[in-house]
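Here's the structure, in C-alpha coordinates; my notes come after.
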Amino acid sequence: MKTPPIALGTPLHPPTESAMPRVWVVLMLALLLGIQPVTTDLYLPALPSLTEGFAASMGQAQLTLTALLLAFGVSQLVWGPLSDRFGRRPVLLWGMGAYAVASVGCALAPSMDLLIVWRTLQGVAMGAAVMAARAVVRDLYPPLEGARLMSQALTGLGVIACTCAPLGGWLTDHWGWRPALLVLALFGLVTWGVLAWRFQETLVRANPRALAPWALFKAWREILSNPTFRAYCALSSASYLGLFTFLAASSFVFVRQFGLSKTHYGLLMMSMSFSYIVGTFICRWLLLRISVQQCVALASCFTLAGGVSLTVLAYAGQDQPWFGPWAVMGPVYLFMLAHGVHQPCGQSGAVSPFPHMAGTASALNGFLMMLGAFFMGGWLGAHMDQPSLALAHGMLLWSLIIGLLAWTWVRRLPLPGA
(Lines give C-alpha, C1' and ligand atoms only; values in the text may rest on other atoms or scores of the structure.)
Protein backbone atom coordinates (compact mmCIF):
# COMPACT_ATOMS: atom_id res chain seq x y z
CA MET A 1 0.00 0.00 0.00
CA LYS A 2 1.22 3.50 -0.79
CA THR A 3 0.93 5.91 2.09
CA PRO A 4 -0.83 9.17 1.13
CA PRO A 5 1.43 12.21 1.42
CA ILE A 6 1.28 13.69 4.89
CA ALA A 7 0.99 17.13 3.29
CA LEU A 8 -2.71 16.34 2.68
CA GLY A 9 -3.39 16.66 6.39
CA THR A 10 -4.19 19.76 8.40
CA PRO A 11 -1.13 21.56 9.86
CA LEU A 12 -1.07 21.46 13.66
CA HIS A 13 2.04 23.59 14.18
CA PRO A 14 4.43 21.42 16.20
CA PRO A 15 6.61 23.12 18.80
CA THR A 16 10.10 24.35 18.19
CA GLU A 17 12.93 23.37 20.51
CA SER A 18 12.56 26.70 22.32
CA ALA A 19 8.81 26.16 22.85
CA MET A 20 9.24 22.70 24.36
CA PRO A 21 12.88 22.03 25.34
CA ARG A 22 14.18 18.47 25.55
CA VAL A 23 14.26 18.51 29.35
CA TRP A 24 10.50 19.14 29.42
CA VAL A 25 9.90 16.50 26.78
CA VAL A 26 11.80 13.94 28.89
CA LEU A 27 9.96 14.96 32.07
CA MET A 28 6.51 14.68 30.50
CA LEU A 29 7.36 11.39 28.82
CA ALA A 30 8.60 10.03 32.15
CA LEU A 31 5.28 10.97 33.78
CA LEU A 32 3.25 9.48 30.94
CA LEU A 33 5.24 6.23 30.77
CA GLY A 34 5.50 6.15 34.58
CA ILE A 35 1.74 5.79 34.83
CA GLN A 36 2.21 2.05 34.26
CA PRO A 37 4.35 1.36 37.37
CA VAL A 38 2.24 3.80 39.39
CA THR A 39 -0.91 1.89 38.45
CA THR A 40 0.59 -1.57 39.05
CA ASP A 41 3.59 -1.37 41.41
CA LEU A 42 1.93 0.89 44.00
CA TYR A 43 -1.07 -1.42 43.94
CA LEU A 44 0.79 -4.73 44.28
CA PRO A 45 1.64 -4.55 48.01
CA ALA A 46 -2.07 -3.98 48.68
CA LEU A 47 -3.18 -6.98 46.62
CA PRO A 48 -3.10 -9.64 49.39
CA SER A 49 -4.87 -7.31 51.88
CA LEU A 50 -7.42 -6.28 49.31
CA THR A 51 -8.12 -9.93 48.48
CA GLU A 52 -8.65 -10.77 52.14
CA GLY A 53 -10.74 -7.65 52.79
CA PHE A 54 -13.23 -8.52 50.07
CA ALA A 55 -13.02 -12.28 50.82
CA ALA A 56 -12.18 -12.71 47.15
CA SER A 57 -10.46 -15.57 45.36
CA MET A 58 -6.94 -15.37 43.96
CA GLY A 59 -8.43 -15.48 40.48
CA GLN A 60 -10.53 -12.38 41.22
CA ALA A 61 -7.45 -10.63 42.60
CA GLN A 62 -5.53 -11.36 39.40
CA LEU A 63 -8.51 -10.09 37.39
CA THR A 64 -8.01 -6.61 38.88
CA LEU A 65 -4.67 -6.62 37.05
CA THR A 66 -5.55 -8.53 33.89
CA ALA A 67 -8.78 -6.59 33.24
CA LEU A 68 -6.86 -3.34 33.61
CA LEU A 69 -4.19 -4.51 31.20
CA LEU A 70 -6.65 -5.83 28.62
CA ALA A 71 -8.55 -2.52 28.69
CA PHE A 72 -5.23 -0.70 28.50
CA GLY A 73 -4.26 -2.63 25.37
CA VAL A 74 -7.61 -2.51 23.55
CA SER A 75 -8.18 1.19 24.27
CA GLN A 76 -4.96 2.08 22.49
CA LEU A 77 -6.48 0.87 19.21
CA VAL A 78 -8.92 3.77 19.58
CA TRP A 79 -6.62 6.35 21.16
CA GLY A 80 -3.97 5.89 18.45
CA PRO A 81 -6.11 6.84 15.43
CA LEU A 82 -7.78 9.59 17.49
CA SER A 83 -4.37 11.13 18.17
CA ASP A 84 -3.42 10.87 14.47
CA ARG A 85 -6.67 12.65 13.59
CA PHE A 86 -6.95 15.34 16.29
CA GLY A 87 -3.44 15.52 17.78
CA ARG A 88 -1.62 14.25 20.87
CA ARG A 89 -2.56 17.09 23.23
CA PRO A 90 -6.37 16.64 23.36
CA VAL A 91 -6.03 12.87 23.69
CA LEU A 92 -3.59 13.28 26.57
CA LEU A 93 -5.70 15.81 28.46
CA TRP A 94 -8.92 13.82 28.15
CA GLY A 95 -7.13 10.58 28.98
CA MET A 96 -5.39 11.87 32.11
CA GLY A 97 -8.59 13.52 33.34
CA ALA A 98 -10.46 10.23 32.99
CA TYR A 99 -7.59 8.42 34.75
CA ALA A 100 -7.88 10.66 37.81
CA VAL A 101 -11.65 10.08 38.04
CA ALA A 102 -11.28 6.30 37.65
CA SER A 103 -8.58 6.25 40.35
CA VAL A 104 -10.95 7.89 42.83
CA GLY A 105 -13.55 5.27 41.91
CA CYS A 106 -11.03 2.47 42.65
CA ALA A 107 -10.20 3.90 46.07
CA LEU A 108 -13.88 4.14 47.04
CA ALA A 109 -15.07 0.85 45.50
CA PRO A 110 -17.40 -1.03 47.93
CA SER A 111 -16.94 -4.46 46.35
CA MET A 112 -14.48 -6.50 44.31
CA ASP A 113 -16.79 -6.43 41.29
CA LEU A 114 -16.93 -2.62 41.27
CA LEU A 115 -13.20 -2.42 41.84
CA ILE A 116 -12.68 -4.52 38.71
CA VAL A 117 -15.00 -2.16 36.78
CA TRP A 118 -13.09 0.94 37.92
CA ARG A 119 -9.74 -0.73 37.23
CA THR A 120 -10.96 -1.48 33.71
CA LEU A 121 -11.87 2.18 33.17
CA GLN A 122 -8.51 3.13 34.63
CA GLY A 123 -6.85 0.92 32.03
CA VAL A 124 -8.80 2.59 29.22
CA ALA A 125 -7.61 6.02 30.35
CA MET A 126 -4.04 4.82 30.89
CA GLY A 127 -3.90 3.73 27.26
CA ALA A 128 -4.03 7.36 26.11
CA ALA A 129 -0.94 8.30 28.14
CA VAL A 130 1.39 5.49 27.10
CA MET A 131 0.29 5.37 23.45
CA ALA A 132 0.78 9.11 23.01
CA ALA A 133 4.17 9.05 24.75
CA ARG A 134 5.58 6.58 22.20
CA ALA A 135 4.04 8.55 19.33
CA VAL A 136 5.51 11.84 20.59
CA VAL A 137 9.01 10.34 20.48
CA ARG A 138 8.54 9.47 16.79
CA ASP A 139 6.97 12.88 16.10
CA LEU A 140 10.01 14.75 17.38
CA TYR A 141 13.09 12.57 16.72
CA PRO A 142 14.55 10.15 14.14
CA PRO A 143 14.78 6.47 15.19
CA LEU A 144 18.26 6.28 16.75
CA GLU A 145 17.88 9.56 18.64
CA GLY A 146 14.38 8.43 19.56
CA ALA A 147 15.81 5.31 21.22
CA ARG A 148 18.18 7.49 23.28
CA LEU A 149 15.35 9.84 24.27
CA MET A 150 13.11 6.89 25.17
CA SER A 151 15.93 5.55 27.33
CA GLN A 152 16.08 8.88 29.20
CA ALA A 153 12.31 8.86 29.71
CA LEU A 154 12.41 5.25 30.92
CA THR A 155 15.08 6.23 33.44
CA GLY A 156 12.48 8.62 34.80
CA LEU A 157 9.97 5.77 34.78
CA GLY A 158 12.42 3.73 36.85
CA VAL A 159 12.79 6.53 39.39
CA ILE A 160 9.00 6.72 39.70
CA ALA A 161 8.80 2.94 40.04
CA CYS A 162 11.42 3.01 42.83
CA THR A 163 9.06 5.01 45.01
CA CYS A 164 5.82 3.22 44.14
CA ALA A 165 6.21 -0.18 45.78
CA PRO A 166 7.73 1.11 49.08
CA LEU A 167 5.07 3.82 49.29
CA GLY A 168 2.32 1.33 48.52
CA GLY A 169 3.67 -1.09 51.12
CA TRP A 170 3.99 1.61 53.79
CA LEU A 171 0.50 3.00 53.13
CA THR A 172 -1.05 -0.47 53.15
CA ASP A 173 0.73 -1.50 56.37
CA HIS A 174 -0.29 1.68 58.22
CA TRP A 175 -3.53 2.89 56.60
CA GLY A 176 -4.92 0.09 54.44
CA TRP A 177 -5.28 -0.37 50.71
CA ARG A 178 -7.71 2.48 49.96
CA PRO A 179 -5.25 5.34 50.68
CA ALA A 180 -2.70 3.50 48.52
CA LEU A 181 -5.09 3.58 45.57
CA LEU A 182 -6.01 7.22 46.23
CA VAL A 183 -2.39 8.19 45.49
CA LEU A 184 -3.05 7.15 41.88
CA ALA A 185 -5.64 9.91 41.58
CA LEU A 186 -3.12 12.44 42.89
CA PHE A 187 -0.55 11.31 40.33
CA GLY A 188 -3.13 11.64 37.55
CA LEU A 189 -4.04 15.18 38.59
CA VAL A 190 -0.39 16.28 38.80
CA THR A 191 0.37 14.82 35.36
CA TRP A 192 -2.71 16.49 33.86
CA GLY A 193 -1.57 19.83 35.29
CA VAL A 194 1.94 19.51 33.84
CA LEU A 195 0.55 18.61 30.42
CA ALA A 196 -1.95 21.47 30.43
CA TRP A 197 0.84 23.88 31.38
CA ARG A 198 3.77 22.79 29.20
CA PHE A 199 2.80 20.28 26.51
CA GLN A 200 2.67 21.66 22.96
CA GLU A 201 1.24 19.71 20.04
CA THR A 202 3.86 17.49 18.36
CA LEU A 203 1.86 16.08 15.46
CA VAL A 204 3.04 17.82 12.27
CA ARG A 205 -0.14 17.27 10.26
CA ALA A 206 -3.43 15.65 11.17
CA ASN A 207 -4.62 12.70 9.09
CA PRO A 208 -8.29 13.41 8.25
CA ARG A 209 -8.83 9.76 7.28
CA ALA A 210 -7.28 8.21 10.40
CA LEU A 211 -10.67 7.15 11.80
CA ALA A 212 -12.25 5.93 8.56
CA PRO A 213 -12.80 2.15 9.00
CA TRP A 214 -11.33 1.07 5.65
CA ALA A 215 -8.35 3.42 5.96
CA LEU A 216 -7.75 2.20 9.50
CA PHE A 217 -7.87 -1.42 8.38
CA LYS A 218 -5.33 -0.71 5.63
CA ALA A 219 -3.09 1.11 8.12
CA TRP A 220 -3.17 -1.86 10.50
CA ARG A 221 -2.37 -4.20 7.62
CA GLU A 222 0.58 -2.06 6.53
CA ILE A 223 1.96 -1.88 10.08
CA LEU A 224 1.52 -5.58 10.85
CA SER A 225 3.12 -6.61 7.55
CA ASN A 226 6.25 -4.56 8.25
CA PRO A 227 9.07 -6.88 9.45
CA THR A 228 10.73 -4.15 11.54
CA PHE A 229 7.50 -3.51 13.44
CA ARG A 230 6.95 -7.22 14.04
CA ALA A 231 10.48 -7.83 15.27
CA TYR A 232 10.76 -4.87 17.62
CA CYS A 233 7.18 -5.19 18.83
CA ALA A 234 7.87 -8.84 19.68
CA LEU A 235 11.02 -7.80 21.56
CA SER A 236 9.33 -5.09 23.64
CA SER A 237 6.35 -7.36 24.31
CA ALA A 238 8.41 -10.35 25.43
CA SER A 239 10.52 -8.17 27.72
CA TYR A 240 7.42 -6.56 29.23
CA LEU A 241 5.76 -9.95 29.71
CA GLY A 242 8.77 -11.15 31.66
CA LEU A 243 8.42 -8.11 33.91
CA PHE A 244 4.64 -8.59 34.14
CA THR A 245 5.14 -12.20 35.23
CA PHE A 246 7.29 -10.99 38.10
CA LEU A 247 4.90 -8.18 39.05
CA ALA A 248 1.83 -10.42 39.03
CA ALA A 249 3.43 -13.21 41.10
CA SER A 250 5.88 -11.33 43.34
CA SER A 251 3.54 -10.25 46.15
CA PHE A 252 2.40 -13.86 46.62
CA VAL A 253 6.00 -15.12 46.55
CA PHE A 254 7.45 -12.59 48.99
CA VAL A 255 4.49 -11.82 51.27
CA ARG A 256 2.71 -15.18 51.41
CA GLN A 257 5.46 -17.72 50.69
CA PHE A 258 8.41 -15.97 52.37
CA GLY A 259 6.41 -14.07 55.00
CA LEU A 260 7.89 -10.60 54.36
CA SER A 261 6.06 -7.49 55.49
CA LYS A 262 4.52 -5.33 52.79
CA THR A 263 7.06 -2.61 53.56
CA HIS A 264 9.98 -5.01 53.09
CA TYR A 265 8.38 -6.27 49.91
CA GLY A 266 8.14 -2.69 48.68
CA LEU A 267 11.85 -2.17 49.34
CA LEU A 268 12.68 -5.24 47.25
CA MET A 269 10.60 -3.83 44.43
CA MET A 270 12.49 -0.55 44.74
CA SER A 271 15.79 -2.40 44.38
CA MET A 272 14.43 -4.08 41.25
CA SER A 273 13.57 -0.66 39.80
CA PHE A 274 17.08 0.56 40.58
CA SER A 275 18.48 -2.32 38.54
CA TYR A 276 16.21 -1.24 35.68
CA ILE A 277 17.45 2.37 35.94
CA VAL A 278 21.05 1.16 35.67
CA GLY A 279 20.00 -0.76 32.56
CA THR A 280 18.65 2.40 30.90
CA PHE A 281 21.96 4.19 31.54
CA ILE A 282 23.82 1.22 30.06
CA CYS A 283 21.50 1.39 27.05
CA ARG A 284 22.39 5.03 26.32
CA TRP A 285 26.10 4.31 26.78
CA LEU A 286 25.94 1.36 24.38
CA LEU A 287 23.92 3.22 21.74
CA LEU A 288 26.73 5.77 21.43
CA ARG A 289 29.15 2.95 20.54
CA ILE A 290 27.32 0.07 18.85
CA SER A 291 24.16 -0.47 16.80
CA VAL A 292 20.70 -1.06 18.23
CA GLN A 293 20.81 -4.70 17.10
CA GLN A 294 24.17 -5.34 18.83
CA CYS A 295 22.90 -3.59 21.94
CA VAL A 296 19.83 -5.86 22.08
CA ALA A 297 21.88 -9.01 21.45
CA LEU A 298 24.30 -8.19 24.25
CA ALA A 299 21.50 -7.45 26.70
CA SER A 300 19.77 -10.73 25.86
CA CYS A 301 22.69 -12.62 27.41
CA PHE A 302 21.77 -11.09 30.78
CA THR A 303 18.10 -11.88 30.13
CA LEU A 304 18.89 -15.55 29.55
CA ALA A 305 21.19 -15.71 32.59
CA GLY A 306 18.37 -14.34 34.76
CA GLY A 307 15.65 -16.66 33.48
CA VAL A 308 17.75 -19.82 33.60
CA SER A 309 19.30 -19.17 37.03
CA LEU A 310 15.91 -18.37 38.58
CA THR A 311 14.48 -21.65 37.32
CA VAL A 312 17.46 -23.68 38.56
CA LEU A 313 17.31 -22.07 42.01
CA ALA A 314 13.54 -22.46 42.26
CA TYR A 315 13.68 -26.19 41.54
CA ALA A 316 16.73 -26.81 43.73
CA GLY A 317 15.41 -24.72 46.61
CA GLN A 318 11.84 -25.89 46.98
CA ASP A 319 11.32 -26.83 50.66
CA GLN A 320 14.95 -25.95 51.42
CA PRO A 321 15.75 -23.47 54.24
CA TRP A 322 18.28 -21.56 52.13
CA PHE A 323 15.72 -20.67 49.44
CA GLY A 324 14.65 -17.12 50.18
CA PRO A 325 14.24 -13.65 48.67
CA TRP A 326 17.88 -13.44 47.51
CA ALA A 327 17.43 -16.54 45.31
CA VAL A 328 14.62 -14.79 43.45
CA MET A 329 15.94 -11.23 43.36
CA GLY A 330 19.47 -12.07 42.12
CA PRO A 331 18.21 -13.47 38.78
CA VAL A 332 15.53 -10.76 38.57
CA TYR A 333 18.23 -8.06 38.80
CA LEU A 334 19.92 -9.57 35.73
CA PHE A 335 16.64 -9.65 33.84
CA MET A 336 15.85 -6.03 34.76
CA LEU A 337 19.26 -4.77 33.66
CA ALA A 338 18.50 -6.15 30.22
CA HIS A 339 14.90 -4.88 30.37
CA GLY A 340 16.36 -1.37 30.61
CA VAL A 341 17.89 -1.97 27.18
CA HIS A 342 15.13 -3.93 25.46
CA GLN A 343 12.30 -1.50 26.23
CA PRO A 344 13.72 1.73 24.74
CA CYS A 345 15.12 -0.14 21.74
CA GLY A 346 11.98 -2.21 21.21
CA GLN A 347 9.38 0.52 21.71
CA SER A 348 11.12 3.14 19.58
CA GLY A 349 12.07 0.55 16.96
CA ALA A 350 8.50 -0.69 16.51
CA VAL A 351 7.21 2.82 15.69
CA SER A 352 10.25 3.96 13.68
CA PRO A 353 9.02 2.98 10.16
CA PHE A 354 5.80 5.01 10.52
CA PRO A 355 6.35 8.75 11.01
CA HIS A 356 3.08 9.36 9.12
CA MET A 357 0.97 7.27 11.54
CA ALA A 358 3.02 6.96 14.71
CA GLY A 359 -0.10 6.99 16.90
CA THR A 360 -1.66 3.99 15.15
CA ALA A 361 1.64 2.07 15.17
CA SER A 362 2.18 2.85 18.86
CA ALA A 363 -1.38 1.71 19.58
CA LEU A 364 -0.87 -1.66 17.87
CA ASN A 365 2.40 -2.19 19.74
CA GLY A 366 0.69 -1.46 23.04
CA PHE A 367 -2.35 -3.60 22.23
CA LEU A 368 -0.29 -6.67 21.37
CA MET A 369 1.83 -6.20 24.49
CA MET A 370 -1.20 -6.02 26.77
CA LEU A 371 -3.01 -8.85 25.00
CA GLY A 372 -0.07 -11.06 25.96
CA ALA A 373 -0.23 -9.76 29.54
CA PHE A 374 -3.94 -10.63 29.76
CA PHE A 375 -3.34 -14.25 28.82
CA MET A 376 -0.22 -14.46 31.00
CA GLY A 377 -2.19 -13.13 33.97
CA GLY A 378 -4.88 -15.74 33.42
CA TRP A 379 -2.27 -18.50 33.31
CA LEU A 380 -0.61 -17.26 36.51
CA GLY A 381 -3.96 -17.09 38.31
CA ALA A 382 -4.46 -20.82 37.61
CA HIS A 383 -0.92 -21.87 38.65
CA MET A 384 -0.28 -19.90 41.86
CA ASP A 385 -0.49 -22.90 44.19
CA GLN A 386 3.34 -22.85 44.02
CA PRO A 387 4.12 -19.16 43.42
CA SER A 388 7.89 -19.38 43.08
CA LEU A 389 7.69 -22.15 40.46
CA ALA A 390 5.00 -20.28 38.52
CA LEU A 391 7.23 -17.20 38.55
CA ALA A 392 10.28 -19.19 37.40
CA HIS A 393 8.42 -20.94 34.57
CA GLY A 394 7.00 -17.68 33.23
CA MET A 395 10.27 -15.75 33.33
CA LEU A 396 12.18 -18.65 31.75
CA LEU A 397 9.71 -18.74 28.86
CA TRP A 398 10.07 -15.02 28.08
CA SER A 399 13.84 -15.09 28.56
CA LEU A 400 14.20 -17.83 25.95
CA ILE A 401 11.93 -15.96 23.53
CA ILE A 402 13.92 -12.73 23.98
CA GLY A 403 17.20 -14.55 23.34
CA LEU A 404 15.81 -16.12 20.18
CA LEU A 405 14.47 -12.80 18.90
CA ALA A 406 17.65 -10.88 19.68
CA TRP A 407 20.00 -13.26 17.91
CA THR A 408 17.86 -13.96 14.85
CA TRP A 409 15.08 -11.59 13.82
CA VAL A 410 16.11 -8.27 15.42
CA ARG A 411 19.74 -8.77 14.47
CA ARG A 412 18.87 -8.72 10.74
CA LEU A 413 16.76 -5.54 10.82
CA PRO A 414 18.44 -2.13 11.22
CA LEU A 415 16.20 0.79 12.11
CA PRO A 416 15.26 3.19 9.28
CA GLY A 417 17.84 5.94 8.98
CA ALA A 418 20.01 4.48 11.75
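In the C-alpha coordinates, chains take the letters A, B, ... in the order shown, each chain's residues start at 1, and ligands count up from 1 in the order shown.
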Using only C-alpha atoms, find each residue of stretch 169-279 of chain A with at least one atom at most 7 Å away from an atom of stretch 320-343 of chain A; report its shortest atom-to-atom pair and that distance in Å (one decimal), sort the rows by chain and rising residue number, and return the result as a tab-separated table.
residue	atom	partner	partner_atom	distance
A:Leu235	CA	A:His342	CA	6.9
A:Ser236	CA	A:Gln343	CA	5.3
A:Ser239	CA	A:His339	CA	6.1
A:Phe254	CA	A:Pro325	CA	6.9
A:Phe258	CA	A:Gly324	CA	6.7
A:Met272	CA	A:Tyr333	CA	6.0
A:Ser275	CA	A:Leu337	CA	5.5
A:Tyr276	CA	A:Met336	CA	4.9
A:Ile277	CA	A:Gly340	CA	6.6
A:Val278	CA	A:Leu337	CA	6.5
A:Gly279	CA	A:Gly340	CA	4.2
Going by DSSP on the backbone, which bits of stretch 194-417 of chain A are alpha helix (DSSP H)? Write them as a PyMOL selection string, please. chain A and resi 194-198+213-224+227-251+262-287+292-317+325-351+358-382+387-407
When you draw a straight line from atom CA of A:Gly95 to atom CA of A:Ala107, how long is it in Å? 18.6 Å
Can you tell me which residues surround A:Ala165 at a distance of at most 8 Å, considering only C-alpha atoms, apart from same-chain residues fewer than 5 positions away, and format the answer as a PyMOL selection string? chain A and resi 41-45+265-267+269-270
Counting only C-alpha atoms, the option among A:Gly242, A:Gly168, A:Gly105, A:Gly349 closest to A:Gly377: A:Gly242
Between A:Leu93, A:Val204, A:Ala297, A:Leu268, which has the minimum distance to A:His356 (counting only C-alpha atoms)? A:Val204
Shell around A:Ile401 at 12 Å using only C-alpha atoms, local window under 6 positions removed, as an mmCIF file with N, CA and C atoms, in the first residue's frame:
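Writing the result to selection_11.cif gives the following:
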data_model
loop_
_atom_site.group_PDB
_atom_site.id
_atom_site.type_symbol
_atom_site.label_atom_id
_atom_site.label_comp_id
_atom_site.auth_asym_id
_atom_site.auth_seq_id
_atom_site.Cartn_x
_atom_site.Cartn_y
_atom_site.Cartn_z
ATOM 1 N N ALA A 231 9.322 -7.415 14.489
ATOM 2 C CA ALA A 231 10.480 -7.832 15.272
ATOM 3 C C ALA A 231 10.617 -7.024 16.553
ATOM 4 N N ALA A 234 7.703 -7.563 18.979
ATOM 5 C CA ALA A 234 7.867 -8.837 19.681
ATOM 6 C C ALA A 234 8.901 -8.714 20.797
ATOM 7 N N LEU A 235 9.991 -7.984 20.538
ATOM 8 C CA LEU A 235 11.024 -7.796 21.559
ATOM 9 C C LEU A 235 10.479 -7.037 22.766
ATOM 10 N N SER A 236 9.848 -5.883 22.526
ATOM 11 C CA SER A 236 9.328 -5.089 23.643
ATOM 12 C C SER A 236 8.238 -5.842 24.388
ATOM 13 N N SER A 237 7.419 -6.609 23.662
ATOM 14 C CA SER A 237 6.345 -7.361 24.310
ATOM 15 C C SER A 237 6.891 -8.484 25.176
ATOM 16 N N ALA A 238 7.847 -9.250 24.655
ATOM 17 C CA ALA A 238 8.408 -10.355 25.427
ATOM 18 C C ALA A 238 9.113 -9.851 26.681
ATOM 19 N N SER A 239 9.834 -8.730 26.556
ATOM 20 C CA SER A 239 10.521 -8.175 27.721
ATOM 21 C C SER A 239 9.509 -7.685 28.760
ATOM 22 N N TYR A 240 8.452 -7.016 28.292
ATOM 23 C CA TYR A 240 7.424 -6.557 29.229
ATOM 24 C C TYR A 240 6.719 -7.730 29.891
ATOM 25 N N LEU A 241 6.465 -8.799 29.145
ATOM 26 C CA LEU A 241 5.757 -9.946 29.710
ATOM 27 C C LEU A 241 6.601 -10.657 30.762
ATOM 28 N N GLY A 242 7.920 -10.636 30.599
ATOM 29 C CA GLY A 242 8.774 -11.151 31.662
ATOM 30 C C GLY A 242 8.629 -10.327 32.923
ATOM 31 N N SER A 300 20.492 -9.457 25.769
ATOM 32 C CA SER A 300 19.767 -10.727 25.861
ATOM 33 C C SER A 300 20.560 -11.790 26.611
ATOM 34 N N CYS A 301 21.882 -11.667 26.642
ATOM 35 C CA CYS A 301 22.693 -12.618 27.413
ATOM 36 C C CYS A 301 22.369 -12.506 28.906
ATOM 37 N N THR A 303 19.471 -11.385 30.021
ATOM 38 C CA THR A 303 18.100 -11.884 30.133
ATOM 39 C C THR A 303 18.097 -13.395 30.323
ATOM 40 N N LEU A 304 18.845 -14.088 29.468
ATOM 41 C CA LEU A 304 18.893 -15.549 29.549
ATOM 42 C C LEU A 304 19.506 -16.017 30.861
ATOM 43 N N GLY A 307 16.723 -15.676 33.572
ATOM 44 C CA GLY A 307 15.648 -16.661 33.483
ATOM 45 C C GLY A 307 16.086 -18.066 33.831
ATOM 46 N N GLY A 394 7.363 -18.793 34.099
ATOM 47 C CA GLY A 394 7.005 -17.675 33.234
ATOM 48 C C GLY A 394 8.212 -16.880 32.779
ATOM 49 N N MET A 395 9.112 -16.559 33.704
ATOM 50 C CA MET A 395 10.273 -15.752 33.332
ATOM 51 C C MET A 395 11.246 -16.532 32.446
ATOM 52 N N TRP A 407 18.911 -12.699 18.701
ATOM 53 C CA TRP A 407 20.004 -13.258 17.912
ATOM 54 C C TRP A 407 19.585 -13.710 16.516
ATOM 55 N N THR A 408 18.309 -13.582 16.193
ATOM 56 C CA THR A 408 17.859 -13.963 14.846
ATOM 57 C C THR A 408 17.163 -12.789 14.172
ATOM 58 N N TRP A 409 15.933 -12.524 14.537
ATOM 59 C CA TRP A 409 15.076 -11.587 13.823
ATOM 60 C C TRP A 409 15.557 -10.142 13.959
ATOM 61 N N VAL A 410 15.703 -9.672 15.190
ATOM 62 C CA VAL A 410 16.106 -8.273 15.418
ATOM 63 C C VAL A 410 17.479 -7.993 14.822
#
